[in-house]
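Engineer: Before anything else, here's the structure in question.
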Amino acid sequence: MKKKWSYPAAACGTLLILSIGFAGCGTKNAVSDKQQPVPTATPPAVSGSTIPAVSAPISVQSPAASDQEKLAGVNNNVSQAAADNKPTPQNSTKPKKTFDSYSIDKPQLVGIAIGNSISETAKLHGNASSTYVMDDSEDPITVHEYDGFIVGYNGKKQVEFIEITKDTVDPGLNGFHLGQTTADAAKALGKPDSITDYVMTYKTKQTILKLDLETKNKTIQSIKLFGRNE
């Protein structure tokens, strides 16, 4: 009769663990031999809202030197255009008036001729700053004062004389001004009809241009235009 072998329960348990261990080792080596893909987690969808996309930062390069010069030129042009478009102040200096120069055919000072009316003078120079009367029993002269010259009117309200009183006024004598020399006067007006130590005169059929002199320096102290009664 054959003898049956019996194993204790503990031994069976040991054998079972060893077999499982060997099986586990085989499984681990098999997995490690092949690289498994890593699953990518998909974010859950959120209803009723939008997840903003995150963009990568953008690097901004500064313009090159030539580009900077171009930009500077454009800015300068814009600034200049803005400056050019600025309104002119109301109290800006007005340009000086110019008049026809004195000549034998057209003798006048500051655009005024002997015999002109008060309205003709006012049209050129506006109203006088002040007026006064030169007492003369035969024909009183009413004098109208302006900045740099005066105008005398006879009883008919016609110009009797014009006198320049400031060197800042252009009398219309081909560039000659009060305070310049007799040589300057001769250069601008030509040879005088008469000259003394005290006065130079230029005559036409209707007028006399009289230049009073300062004897020491030979400079012109006054400029007057009169009507001739001859």
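In the structure tokens, each chain is lettered A, B, ... as it comes, each chain's residues begin at 1, and ligands are numbered from 1 in order of appearance.
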Name all residues at most 7 Å from Lys218 of chain A (count only C-alpha atoms; drop same-chain ones fewer than 4 positions away) and give them as an mmCIF file with N, CA, C and O atoms, in the first residue's frame.
Structural biologist:
```cif
data_model
loop_
_atom_site.group_PDB
_atom_site.id
_atom_site.type_symbol
_atom_site.label_atom_id
_atom_site.label_comp_id
_atom_site.auth_asym_id
_atom_site.auth_seq_id
_atom_site.Cartn_x
_atom_site.Cartn_y
_atom_site.Cartn_z
ATOM 1 N N THR A 181 22.347 162.545 -42.689
ATOM 2 C CA THR A 181 23.160 163.698 -43.074
ATOM 3 C C THR A 181 22.702 164.317 -44.396
ATOM 4 O O THR A 181 21.887 163.739 -45.127
ATOM 5 N N THR A 182 23.282 165.502 -44.682
ATOM 6 C CA THR A 182 22.986 166.162 -45.959
ATOM 7 C C THR A 182 23.475 165.313 -47.140
ATOM 8 O O THR A 182 22.849 165.320 -48.211
ATOM 9 N N LEU A 213 18.716 171.923 -41.100
ATOM 10 C CA LEU A 213 19.979 171.270 -40.758
ATOM 11 C C LEU A 213 20.452 171.610 -39.358
ATOM 12 O O LEU A 213 20.190 172.701 -38.841
ATOM 13 N N GLU A 214 21.191 170.700 -38.789
ATOM 14 C CA GLU A 214 21.978 170.960 -37.587
ATOM 15 C C GLU A 214 23.371 171.317 -38.091
ATOM 16 O O GLU A 214 24.034 170.510 -38.725
#
```
Engineer: Can you pull out the residues contacting segment 108-112 of chain A? Cut-off 7 Å, using only C-alpha atoms, and skip same-chain residues under 4 positions away; I want them as a PDB file with C-alpha atoms, in the first residue's frame.
Structural biologist:
```pdb
ATOM      1  CA  PHE A  99       4.059 154.689 -49.794  1.00  0.00           C
ATOM      2  CA  ASP A 100       5.136 156.014 -53.151  1.00  0.00           C
ATOM      3  CA  TYR A 102       8.771 161.583 -53.323  1.00  0.00           C
ATOM      4  CA  ASN A 116      -5.507 166.405 -50.025  1.00  0.00           C
ATOM      5  CA  THR A 121      -5.524 161.356 -44.921  1.00  0.00           C
ATOM      6  CA  ILE A 162       3.148 167.888 -43.712  1.00  0.00           C
ATOM      7  CA  ASP A 170       9.512 156.389 -43.212  1.00  0.00           C
ATOM      8  CA  PRO A 171       8.640 159.661 -44.955  1.00  0.00           C
ATOM      9  CA  GLY A 172       8.816 158.118 -48.417  1.00  0.00           C
TER      10      GLY A 172
END
```
Engineer: Measure the distance from atom CA of Leu209 of chain A to atom CA of Ile223 of chain A in Å and round it to one decimal.
Structural biologist: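 Between these atoms lies a distance of 7.4 Å.
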